[in-house]
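Shown here: coords_37.cif, mmCIF, C-alpha atoms and all ligand atoms.
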```
data_upload
loop_
_atom_site.label_atom_id
_atom_site.label_comp_id
_atom_site.auth_asym_id
_atom_site.auth_seq_id
_atom_site.Cartn_x
_atom_site.Cartn_y
_atom_site.Cartn_z
CA MET A 14 -11.29 8.28 -6.19
CA GLN A 15 -13.01 7.23 -2.92
CA GLN A 16 -10.86 6.39 0.10
CA PRO A 17 -10.89 2.82 1.42
CA LEU A 18 -13.49 2.39 4.15
CA LEU A 19 -11.69 -0.79 5.12
CA GLN A 20 -7.97 -1.26 4.56
CA ILE A 21 -6.54 -4.70 5.30
CA LYS A 22 -2.78 -4.97 5.66
CA ASN A 23 -0.73 -8.16 5.68
CA LEU A 24 -3.47 -10.40 7.05
CA THR A 25 -2.68 -14.08 7.52
CA ILE A 26 -5.21 -16.38 9.20
CA SER A 27 -4.43 -19.98 10.03
CA TYR A 28 -6.28 -22.70 11.83
CA THR A 29 -5.48 -26.16 12.99
CA LEU A 30 -7.63 -29.09 12.03
CA ARG A 31 -6.84 -32.64 13.16
CA GLY A 32 -3.22 -31.72 13.67
CA ARG A 33 -2.83 -30.00 10.28
CA LYS A 34 -2.21 -26.27 9.98
CA LEU A 35 -4.29 -24.66 7.22
CA LEU A 36 -3.71 -21.21 5.75
CA PRO A 37 -7.02 -20.04 4.27
CA VAL A 38 -5.92 -16.37 4.21
CA GLU A 39 -2.30 -15.55 3.50
CA ALA A 40 -0.55 -12.17 3.32
CA VAL A 41 -3.72 -10.37 2.20
CA SER A 42 -3.42 -6.60 1.70
CA LEU A 43 -6.51 -5.04 0.23
CA GLY A 44 -8.70 -1.92 0.34
CA PHE A 45 -12.50 -1.78 0.07
CA ARG A 46 -13.45 1.66 -1.18
CA GLN A 47 -16.10 3.76 0.53
CA GLY A 48 -19.45 3.70 -1.30
CA CYS A 49 -18.32 0.99 -3.66
CA ILE A 50 -19.82 -2.46 -4.35
CA THR A 51 -16.97 -4.96 -4.38
CA ALA A 52 -17.44 -8.58 -5.40
CA LEU A 53 -15.06 -10.93 -3.62
CA ILE A 54 -14.98 -13.97 -5.86
CA GLY A 55 -13.26 -17.33 -6.05
CA GLU A 56 -13.96 -21.05 -5.98
CA SER A 57 -15.28 -22.74 -2.80
CA GLY A 58 -12.52 -23.06 -0.22
CA CYS A 59 -10.46 -20.13 -1.58
CA GLY A 60 -10.61 -18.25 1.74
CA LYS A 61 -13.50 -15.82 1.11
CA SER A 62 -15.51 -16.93 4.14
CA THR A 63 -12.49 -16.93 6.46
CA LEU A 64 -11.57 -13.43 5.31
CA THR A 65 -15.16 -12.30 5.98
CA ALA A 66 -15.13 -13.85 9.45
CA GLY A 67 -11.80 -12.13 10.07
CA ILE A 68 -13.30 -8.74 9.16
CA LEU A 69 -16.29 -9.27 11.47
CA GLY A 70 -14.27 -10.78 14.31
CA THR A 71 -16.21 -14.06 14.18
CA LEU A 72 -13.36 -16.47 13.47
CA ALA A 73 -13.58 -19.97 14.94
CA ALA A 74 -11.82 -20.61 18.26
CA ASN A 75 -9.08 -22.68 16.58
CA SER A 76 -8.12 -19.78 14.25
CA ARG A 77 -5.17 -17.49 14.69
CA ILE A 78 -4.26 -14.14 13.11
CA ALA A 79 -0.52 -13.86 12.56
CA PRO A 80 1.23 -10.86 14.17
CA GLY A 81 1.85 -7.82 11.97
CA ALA A 82 -1.65 -7.54 10.48
CA GLN A 83 -3.86 -4.45 10.51
CA MET A 84 -7.51 -4.03 9.63
CA LEU A 85 -8.25 -0.31 9.47
CA PHE A 86 -11.91 0.69 9.40
CA ASN A 87 -12.07 4.44 8.89
CA GLY A 88 -8.67 4.56 10.58
CA THR A 89 -9.52 2.32 13.60
CA ASP A 90 -7.65 -0.97 13.73
CA LEU A 91 -10.35 -3.59 14.31
CA LEU A 92 -7.73 -6.03 15.53
CA THR A 93 -7.15 -3.84 18.60
CA LEU A 94 -10.83 -3.64 19.67
CA SER A 95 -12.11 -5.39 22.81
CA PRO A 96 -14.69 -8.18 22.31
CA GLU A 97 -17.45 -5.80 23.49
CA ALA A 98 -16.35 -3.02 21.10
CA MET A 99 -16.20 -5.58 18.31
CA ARG A 100 -19.73 -6.76 19.14
CA ARG A 101 -20.96 -3.16 18.83
CA PHE A 102 -18.99 -2.70 15.58
CA ARG A 103 -20.65 -5.78 14.10
CA TRP A 104 -24.18 -4.43 14.05
CA GLN A 105 -23.71 -0.69 14.21
CA ARG A 106 -20.96 -0.16 11.65
CA ALA A 107 -20.78 -3.40 9.67
CA SER A 108 -23.35 -6.13 9.30
CA MET A 109 -23.73 -9.38 7.46
CA VAL A 110 -26.39 -10.99 5.31
CA PHE A 111 -25.96 -14.76 5.36
CA GLN A 112 -26.95 -17.21 2.68
CA ALA A 113 -29.75 -19.70 3.44
CA ALA A 114 -32.12 -17.27 5.17
CA GLN A 115 -34.15 -20.15 6.59
CA ASN A 116 -31.23 -21.08 8.85
CA ALA A 117 -30.26 -17.51 9.74
CA LEU A 118 -33.69 -16.66 11.19
CA SER A 119 -35.12 -18.24 14.33
CA PRO A 120 -37.98 -20.55 13.24
CA THR A 121 -39.91 -20.04 16.50
CA LEU A 122 -40.06 -16.24 16.65
CA ARG A 123 -42.18 -13.86 14.61
CA ILE A 124 -40.23 -11.50 12.36
CA GLU A 125 -41.27 -8.56 14.54
CA GLU A 126 -39.66 -10.09 17.63
CA GLN A 127 -36.45 -10.89 15.74
CA LEU A 128 -36.07 -7.36 14.39
CA ILE A 129 -37.02 -5.63 17.63
CA ASP A 130 -34.85 -7.88 19.84
CA THR A 131 -31.86 -7.14 17.61
CA LEU A 132 -32.51 -3.40 17.77
CA LEU A 133 -33.05 -3.24 21.53
CA ASP A 134 -30.00 -5.40 22.11
CA HIS A 135 -27.71 -3.01 20.25
CA GLN A 136 -29.19 0.46 20.52
CA ALA A 137 -30.75 2.53 23.30
CA MET A 138 -34.30 3.15 22.09
CA SER A 139 -37.90 2.76 23.24
CA LEU A 140 -40.14 -0.06 22.04
CA PRO A 141 -42.29 2.27 19.85
CA GLU A 142 -39.11 3.67 18.26
CA ALA A 143 -37.86 0.14 17.58
CA ARG A 144 -41.21 -0.84 16.03
CA LEU A 145 -41.11 2.21 13.77
CA ARG A 146 -37.50 1.48 12.73
CA ALA A 147 -38.37 -2.15 11.93
CA ARG A 148 -41.27 -1.04 9.73
CA GLU A 149 -39.09 1.49 7.92
CA ARG A 150 -36.42 -1.11 7.16
CA LEU A 151 -38.95 -3.59 5.83
CA GLY A 152 -40.25 -0.82 3.59
CA GLN A 153 -36.72 -0.29 2.26
CA VAL A 154 -36.61 -3.91 1.10
CA ARG A 155 -40.10 -3.55 -0.39
CA LEU A 156 -41.89 -5.79 2.09
CA GLU A 157 -45.36 -5.10 3.44
CA ALA A 158 -44.66 -4.53 7.13
CA ASP A 159 -48.19 -5.31 8.43
CA ARG A 160 -48.05 -8.78 6.97
CA VAL A 161 -44.39 -9.65 7.42
CA LEU A 162 -43.96 -8.50 11.03
CA GLN A 163 -46.58 -10.95 12.27
CA ALA A 164 -45.26 -13.88 10.20
CA PHE A 165 -43.00 -16.73 11.25
CA PRO A 166 -40.11 -17.37 8.80
CA HIS A 167 -41.71 -20.53 7.37
CA GLN A 168 -44.75 -18.48 6.33
CA LEU A 169 -42.61 -16.38 3.95
CA SER A 170 -41.11 -17.31 0.58
CA GLY A 171 -37.32 -17.75 0.23
CA GLY A 172 -37.01 -14.34 -1.46
CA MET A 173 -39.01 -12.65 1.30
CA ARG A 174 -36.88 -14.25 4.02
CA GLN A 175 -33.75 -13.05 2.25
CA ARG A 176 -35.19 -9.53 2.15
CA VAL A 177 -35.97 -9.76 5.89
CA LEU A 178 -32.28 -10.56 6.47
CA ILE A 179 -31.28 -7.53 4.40
CA ALA A 180 -33.70 -5.39 6.45
CA MET A 181 -32.10 -6.80 9.61
CA ALA A 182 -28.62 -5.93 8.34
CA LEU A 183 -29.86 -2.37 7.72
CA LEU A 184 -31.36 -1.90 11.19
CA MET A 185 -28.49 0.18 12.59
CA GLU A 186 -27.66 1.90 9.28
CA PRO A 187 -24.16 0.39 9.09
CA GLU A 188 -21.57 1.88 6.75
CA LEU A 189 -20.63 -1.61 5.48
CA ILE A 190 -22.74 -4.65 4.66
CA LEU A 191 -21.18 -7.99 3.73
CA LEU A 192 -23.44 -10.28 1.72
CA ASP A 193 -22.53 -13.96 1.62
CA GLU A 194 -24.04 -15.51 -1.53
CA PRO A 195 -27.26 -13.52 -0.90
CA THR A 196 -29.19 -14.97 -3.83
CA THR A 197 -28.02 -18.59 -3.91
CA ALA A 198 -30.97 -20.99 -4.16
CA LEU A 199 -33.36 -18.27 -5.37
CA ASP A 200 -34.91 -18.28 -8.82
CA VAL A 201 -33.56 -15.87 -11.42
CA ILE A 202 -36.46 -13.41 -11.21
CA THR A 203 -36.22 -13.19 -7.42
CA GLN A 204 -32.43 -12.79 -7.72
CA ARG A 205 -32.89 -9.80 -10.03
CA TYR A 206 -35.43 -8.26 -7.68
CA ILE A 207 -32.99 -8.57 -4.77
CA PHE A 208 -30.19 -7.07 -6.88
CA ASP A 209 -32.49 -4.09 -7.60
CA ILE A 210 -33.10 -3.64 -3.89
CA LEU A 211 -29.39 -3.82 -3.10
CA ARG A 212 -28.61 -1.28 -5.80
CA ALA A 213 -31.27 1.07 -4.40
CA ILE A 214 -29.88 0.71 -0.86
CA HIS A 215 -26.40 1.43 -2.16
CA THR A 216 -27.56 4.49 -4.10
CA ASP A 217 -29.95 5.91 -1.50
CA LEU A 218 -27.90 5.28 1.65
CA GLY A 219 -24.37 5.23 0.19
CA THR A 220 -23.71 1.92 1.97
CA THR A 221 -20.50 0.14 1.03
CA LEU A 222 -21.28 -3.44 -0.01
CA ILE A 223 -19.03 -6.49 -0.21
CA LEU A 224 -20.62 -9.32 -2.16
CA ILE A 225 -18.97 -12.65 -1.36
CA THR A 226 -19.76 -15.07 -4.14
CA HIS A 227 -18.61 -17.74 -6.55
CA ASP A 228 -21.35 -16.60 -8.93
CA LEU A 229 -19.75 -14.43 -11.60
CA ALA A 230 -23.16 -13.49 -13.00
CA ALA A 231 -24.10 -11.95 -9.64
CA ALA A 232 -20.79 -10.09 -9.56
CA ALA A 233 -21.32 -8.81 -13.11
CA GLU A 234 -24.79 -7.64 -12.19
CA LEU A 235 -23.85 -5.63 -9.11
CA ALA A 236 -20.18 -4.92 -8.64
CA ASP A 237 -18.13 -1.79 -9.31
CA GLU A 238 -14.96 -3.64 -8.44
CA VAL A 239 -13.88 -7.30 -8.38
CA VAL A 240 -11.38 -8.98 -6.07
CA VAL A 241 -10.29 -12.50 -7.03
CA MET A 242 -9.06 -14.92 -4.35
CA TYR A 243 -7.32 -18.22 -4.93
CA ALA A 244 -5.93 -20.55 -2.26
CA GLY A 245 -6.00 -17.80 0.36
CA ARG A 246 -4.25 -15.15 -1.72
CA ILE A 247 -5.48 -12.17 -3.72
CA MET A 248 -4.82 -12.73 -7.41
CA GLU A 249 -6.40 -9.62 -8.93
CA GLN A 250 -8.27 -6.48 -7.97
CA SER A 251 -9.86 -4.71 -10.91
CA PRO A 252 -12.67 -2.35 -11.81
CA ALA A 253 -15.60 -4.58 -12.88
CA HIS A 254 -15.53 -3.33 -16.48
CA VAL A 255 -11.88 -4.38 -16.77
CA PHE A 256 -12.35 -7.73 -15.05
CA PHE A 257 -15.27 -8.80 -17.24
CA HIS A 258 -13.78 -7.60 -20.53
CA GLU A 259 -10.01 -7.81 -20.17
CA PRO A 260 -9.08 -9.73 -17.03
CA VAL A 261 -5.34 -9.65 -16.47
CA HIS A 262 -4.47 -12.60 -14.23
CA PRO A 263 -4.38 -16.05 -15.88
CA TYR A 264 -6.68 -17.41 -13.15
CA SER A 265 -9.25 -14.64 -13.79
CA GLN A 266 -9.06 -15.41 -17.50
CA GLY A 267 -9.64 -19.09 -16.74
CA LEU A 268 -12.66 -18.31 -14.55
CA LEU A 269 -14.28 -16.34 -17.35
CA ARG A 270 -13.46 -18.96 -20.00
CA ALA A 271 -15.16 -21.57 -17.79
CA LEU A 272 -18.48 -19.69 -17.96
CA PRO A 273 -21.10 -20.94 -20.41
CA THR A 274 -21.82 -18.43 -23.17
CA LEU A 275 -25.27 -17.18 -24.13
CA VAL A 276 -24.41 -16.63 -27.78
CA GLY A 277 -22.82 -18.93 -30.35
CA ASP A 278 -22.03 -22.43 -29.14
CA THR A 279 -23.78 -22.55 -25.78
CA GLN A 280 -21.92 -25.74 -24.85
CA GLN A 281 -18.53 -24.13 -25.40
CA ARG A 282 -16.74 -23.67 -22.11
CA GLU A 283 -13.29 -24.45 -20.96
CA PRO A 284 -12.93 -25.43 -17.29
CA ILE A 285 -9.61 -24.67 -15.59
CA ALA A 286 -7.55 -27.86 -15.55
CA GLY A 287 -6.67 -29.37 -12.16
CA HIS A 288 -7.95 -28.55 -8.69
CA PRO A 289 -7.33 -25.87 -6.06
CA PRO A 290 -4.49 -26.89 -3.71
CA ASP A 291 -4.71 -28.35 -0.23
CA LEU A 292 -4.61 -25.32 2.10
CA SER A 293 -2.22 -27.18 4.41
CA ASP A 294 0.25 -27.96 1.63
CA LYS A 295 0.28 -25.16 -0.93
CA PRO A 296 2.52 -25.16 -4.01
CA SER A 297 5.77 -23.20 -3.86
CA GLY A 298 6.01 -19.80 -5.57
CA CYS A 299 2.76 -18.75 -7.23
CA VAL A 300 -0.01 -20.90 -5.70
CA PHE A 301 -1.69 -21.07 -9.11
CA HIS A 302 1.35 -22.41 -10.99
CA PRO A 303 0.29 -26.10 -11.20
CA ARG A 304 -2.85 -25.03 -13.11
CA CYS A 305 -1.49 -22.04 -15.00
CA PRO A 306 -1.16 -22.53 -18.77
CA ILE A 307 1.70 -20.01 -19.09
CA ALA A 308 3.75 -20.78 -15.96
CA GLU A 309 7.54 -20.38 -16.20
CA SER A 310 10.29 -21.48 -13.87
CA ILE A 311 10.17 -18.26 -11.79
CA CYS A 312 6.54 -19.04 -11.01
CA ARG A 313 7.59 -22.17 -9.10
CA GLU A 314 10.31 -20.31 -7.18
CA LYS A 315 8.99 -16.94 -6.10
CA ILE A 316 5.66 -15.73 -4.69
CA PRO A 317 4.32 -12.85 -6.82
CA VAL A 318 2.88 -9.83 -5.00
CA LEU A 319 0.05 -7.53 -6.09
CA ALA A 320 1.48 -4.94 -8.46
CA PRO A 321 -0.13 -2.41 -10.81
CA ALA A 322 -1.24 -3.51 -14.29
CA GLY A 323 -3.19 -0.71 -16.00
CA GLU A 324 -6.27 -0.03 -13.86
CA SER A 325 -5.80 -3.33 -11.97
CA TYR A 326 -3.59 -4.81 -9.28
CA VAL A 327 -2.40 -8.30 -10.14
CA ALA A 328 -0.17 -10.93 -8.50
CA CYS A 329 1.64 -12.45 -11.47
CA HIS A 330 5.29 -12.56 -12.53
CA LEU A 331 4.45 -12.41 -16.22
CA ARG A 332 1.73 -9.77 -16.17
CA THR A 333 3.32 -7.17 -13.88
CA GLU A 334 6.61 -5.53 -12.96
CA GLN A 335 7.39 -7.34 -9.70
CA PRO A 336 9.47 -5.50 -7.09
CA GLN A 337 13.02 -6.86 -6.93
FE1 LIG A 401 0.79 -18.12 -13.98
FE2 LIG A 401 3.25 -17.53 -13.19
FE3 LIG A 401 1.44 -15.63 -13.30
FE4 LIG A 401 1.28 -17.51 -11.43
S1 LIG A 401 2.89 -15.98 -11.64
S2 LIG A 401 -0.37 -16.75 -12.66
S3 LIG A 401 2.01 -19.28 -12.53
S4 LIG A 401 2.24 -16.78 -15.01
#
```
Just give me the structure as structure tokens.
Amino acid sequence: MQQPLLQIKNLTISYTLRGRKLLPVEAVSLGFRQGCITALIGESGCGKSTLTAGILGTLAANSRIAPGAQMLFNGTDLLTLSPEAMRRFRWQRASMVFQAAQNALSPTLRIEEQLIDTLLDHQAMSLPEARLRARERLGQVRLEADRVLQAFPHQLSGGMRQRVLIAMALLMEPELILLDEPTTALDVITQRYIFDILRAIHTDLGTTLILITHDLAAAAELADEVVVMYAGRIMEQSPAHVFFHEPVHPYSQGLLRALPTLVGDTQQREPIAGHPPDLSDKPSGCVFHPRCPIAESICREKIPVLAPAGESYVACHLRTEQPQ
């Protein structure tokens, strides 16, 4: 079993919006294993993006991390790093691939300038070394360097721009890459091609990947492990083969039942009743209880914590032995 590259302990992130205090991440304790592809999944607004920003130290100015949290990256607590050390961490040890590549790249600079500026800004190297590194990284994402380096972003297809962003994330050979919906808005064939590239990067370089997505098909395609978030809390952490065949948490089961099927009645799907809660006014006890088909009275009274259930960790009173 690989050790966690990143171990998050008791992380709560709040922010204030128009006088209301929101809790998009609450009491999260979670490990991301070294060399593993983890899909962090959940509906929009479940806290995935805030958790990601917390990991990279890019939270909005009105956010606050509650005392008592730790975020251990290979043993170093990221929450104790200075802003400058965190800036170095962001490119050299962990990087991010954003969705909507068109917006993430500068429209007025050629790809070569964007890659080289990033390299020279973060690593001591000569211009020829930076040029060579940029070419190598484009090769790793199967792009023709001669053509792409001289192009402006608008001269590339959506799939090519997304691959440029992956090349950019690889520039400093980070141990961890976070990918935020990396294939949203791409056609299915391009999506598969990008998944192939990500798998090759993971296999060849041993990079740990965190795929942040609401797309279960993308998670099924790539992930070794699945973490399910709901209303700022972790509901389940399971090996992918368990999650997609025998999910344990009622919310995970609901997510899978809501997917359209490819065989039999293709219209048959069963959306989860109700809506995710307001993050400034969450339900008591288990945050999922108003939508849970098997909720009992304890679910309204007590918050369940992640506890073992076979190969999984699950926060549910009825599916795990909860500590007294
Ligand atoms: Fe449903 Fe209760 Fe489990 Fe929450 S704790 S998921 S409400 S059974």
Nearest to ligand LIG 401 (chain A), chosen from A:Arg282, A:His262, A:His135, A:Arg33, with all atoms listed in the file counted in the distances: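 That would be A:His262, the residue with the smallest distance to ligand LIG 401 (chain A).
Taking atom CA of Pro37 of chain A as the reference point, atom CA of His215 of chain A is found at 29.6 Å.
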For ligand LIG 401 (chain A), return the neighbouring residues as an NGL selection string (distance at most 8 Å; only C-alpha atoms and all ligand atoms). :A and (248 or 262-264 or 298-309 or 311-313 or 316-317 or 328-332)
When you draw a straight line from atom CA of Leu151 of chain A to atom CA of Leu183 of chain A, how long is it in Å? 9.4 Å
In Å to one decimal, how far is atom CA of Met242 of chain A from atom CA of Leu69 of chain A? 18.3 Å
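Omitting Pro80 of chain A and its sequence neighbours fewer than 4 positions away, and counting all atoms listed in the file, the residues within 10 Å are Asn23, Leu24, Thr25 and Ile26 of chain A.
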What are the centre and the three edge lengths of an axis-aligned box that wraps all atoms of segment 211-214 of chain A in the file, given that 5 Å is added to every side, written as JSON and rounded to one decimal in Å?
```
{"center_x": -29.9, "center_y": -1.4, "center_z": -3.3, "size_x": 12.7, "size_y": 14.9, "size_z": 14.9}
```
Residues proximal to (9.1, -2.7, -6.3) were defined as those with any atom within 10 Å of that point in the file's coordinates, counting only C-alpha atoms. Which are they, as an mmCIF file with C-alpha atoms, in the coordinates of the input?
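Now in selection-v9.cif:
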```cif
data_model
loop_
_atom_site.group_PDB
_atom_site.id
_atom_site.type_symbol
_atom_site.label_atom_id
_atom_site.label_comp_id
_atom_site.auth_asym_id
_atom_site.auth_seq_id
_atom_site.Cartn_x
_atom_site.Cartn_y
_atom_site.Cartn_z
ATOM 1 C CA VAL A 318 2.880 -9.830 -5.000
ATOM 2 C CA ALA A 320 1.480 -4.940 -8.460
ATOM 3 C CA GLU A 334 6.610 -5.530 -12.960
ATOM 4 C CA GLN A 335 7.390 -7.340 -9.700
ATOM 5 C CA PRO A 336 9.470 -5.500 -7.090
ATOM 6 C CA GLN A 337 13.020 -6.860 -6.930
#
```
Take segment 173-185 of chain A from the preceding structure and save N, CA, C and O atoms as an mmCIF file, in the first residue's frame.
```
data_model
loop_
_atom_site.group_PDB
_atom_site.id
_atom_site.type_symbol
_atom_site.label_atom_id
_atom_site.label_comp_id
_atom_site.auth_asym_id
_atom_site.auth_seq_id
_atom_site.Cartn_x
_atom_site.Cartn_y
_atom_site.Cartn_z
ATOM 1 N N MET A 173 -6.104 20.719 -28.222
ATOM 2 C CA MET A 173 -4.668 21.071 -28.229
ATOM 3 C C MET A 173 -4.357 22.063 -27.111
ATOM 4 O O MET A 173 -3.339 21.948 -26.430
ATOM 5 N N ARG A 174 -5.256 23.019 -26.905
ATOM 6 C CA ARG A 174 -5.026 23.989 -25.811
ATOM 7 C C ARG A 174 -4.997 23.268 -24.469
ATOM 8 O O ARG A 174 -4.185 23.570 -23.602
ATOM 9 N N GLN A 175 -5.895 22.282 -24.311
ATOM 10 C CA GLN A 175 -5.922 21.560 -23.042
ATOM 11 C C GLN A 175 -4.614 20.795 -22.851
ATOM 12 O O GLN A 175 -4.073 20.724 -21.756
ATOM 13 N N ARG A 176 -4.078 20.256 -23.954
ATOM 14 C CA ARG A 176 -2.807 19.533 -23.842
ATOM 15 C C ARG A 176 -1.652 20.497 -23.545
ATOM 16 O O ARG A 176 -0.713 20.150 -22.850
ATOM 17 N N VAL A 177 -1.740 21.730 -24.074
ATOM 18 C CA VAL A 177 -0.709 22.733 -23.731
ATOM 19 C C VAL A 177 -0.741 22.992 -22.223
ATOM 20 O O VAL A 177 0.306 23.070 -21.565
ATOM 21 N N LEU A 178 -1.954 23.073 -21.652
ATOM 22 C CA LEU A 178 -2.047 23.310 -20.202
ATOM 23 C C LEU A 178 -1.461 22.143 -19.412
ATOM 24 O O LEU A 178 -0.836 22.331 -18.363
ATOM 25 N N ILE A 179 -1.669 20.928 -19.912
ATOM 26 C CA ILE A 179 -1.081 19.762 -19.227
ATOM 27 C C ILE A 179 0.447 19.834 -19.334
ATOM 28 O O ILE A 179 1.163 19.594 -18.358
ATOM 29 N N ALA A 180 0.948 20.216 -20.523
ATOM 30 C CA ALA A 180 2.408 20.371 -20.688
ATOM 31 C C ALA A 180 2.939 21.422 -19.718
ATOM 32 O O ALA A 180 3.998 21.264 -19.110
ATOM 33 N N MET A 181 2.170 22.499 -19.541
ATOM 34 C CA MET A 181 2.591 23.574 -18.640
ATOM 35 C C MET A 181 2.646 23.064 -17.201
ATOM 36 O O MET A 181 3.578 23.364 -16.447
ATOM 37 N N ALA A 182 1.640 22.264 -16.833
ATOM 38 C CA ALA A 182 1.610 21.716 -15.470
ATOM 39 C C ALA A 182 2.795 20.780 -15.229
ATOM 40 O O ALA A 182 3.240 20.604 -14.097
ATOM 41 N N LEU A 183 3.309 20.181 -16.337
ATOM 42 C CA LEU A 183 4.420 19.227 -16.205
ATOM 43 C C LEU A 183 5.792 19.894 -16.202
ATOM 44 O O LEU A 183 6.802 19.228 -15.968
ATOM 45 N N LEU A 184 5.830 21.209 -16.465
ATOM 46 C CA LEU A 184 7.117 21.864 -16.722
ATOM 47 C C LEU A 184 8.169 21.573 -15.661
ATOM 48 O O LEU A 184 9.319 21.306 -15.950
ATOM 49 N N MET A 185 7.749 21.628 -14.387
ATOM 50 C CA MET A 185 8.726 21.475 -13.295
ATOM 51 C C MET A 185 8.725 20.048 -12.730
ATOM 52 O O MET A 185 9.221 19.832 -11.631
#
```
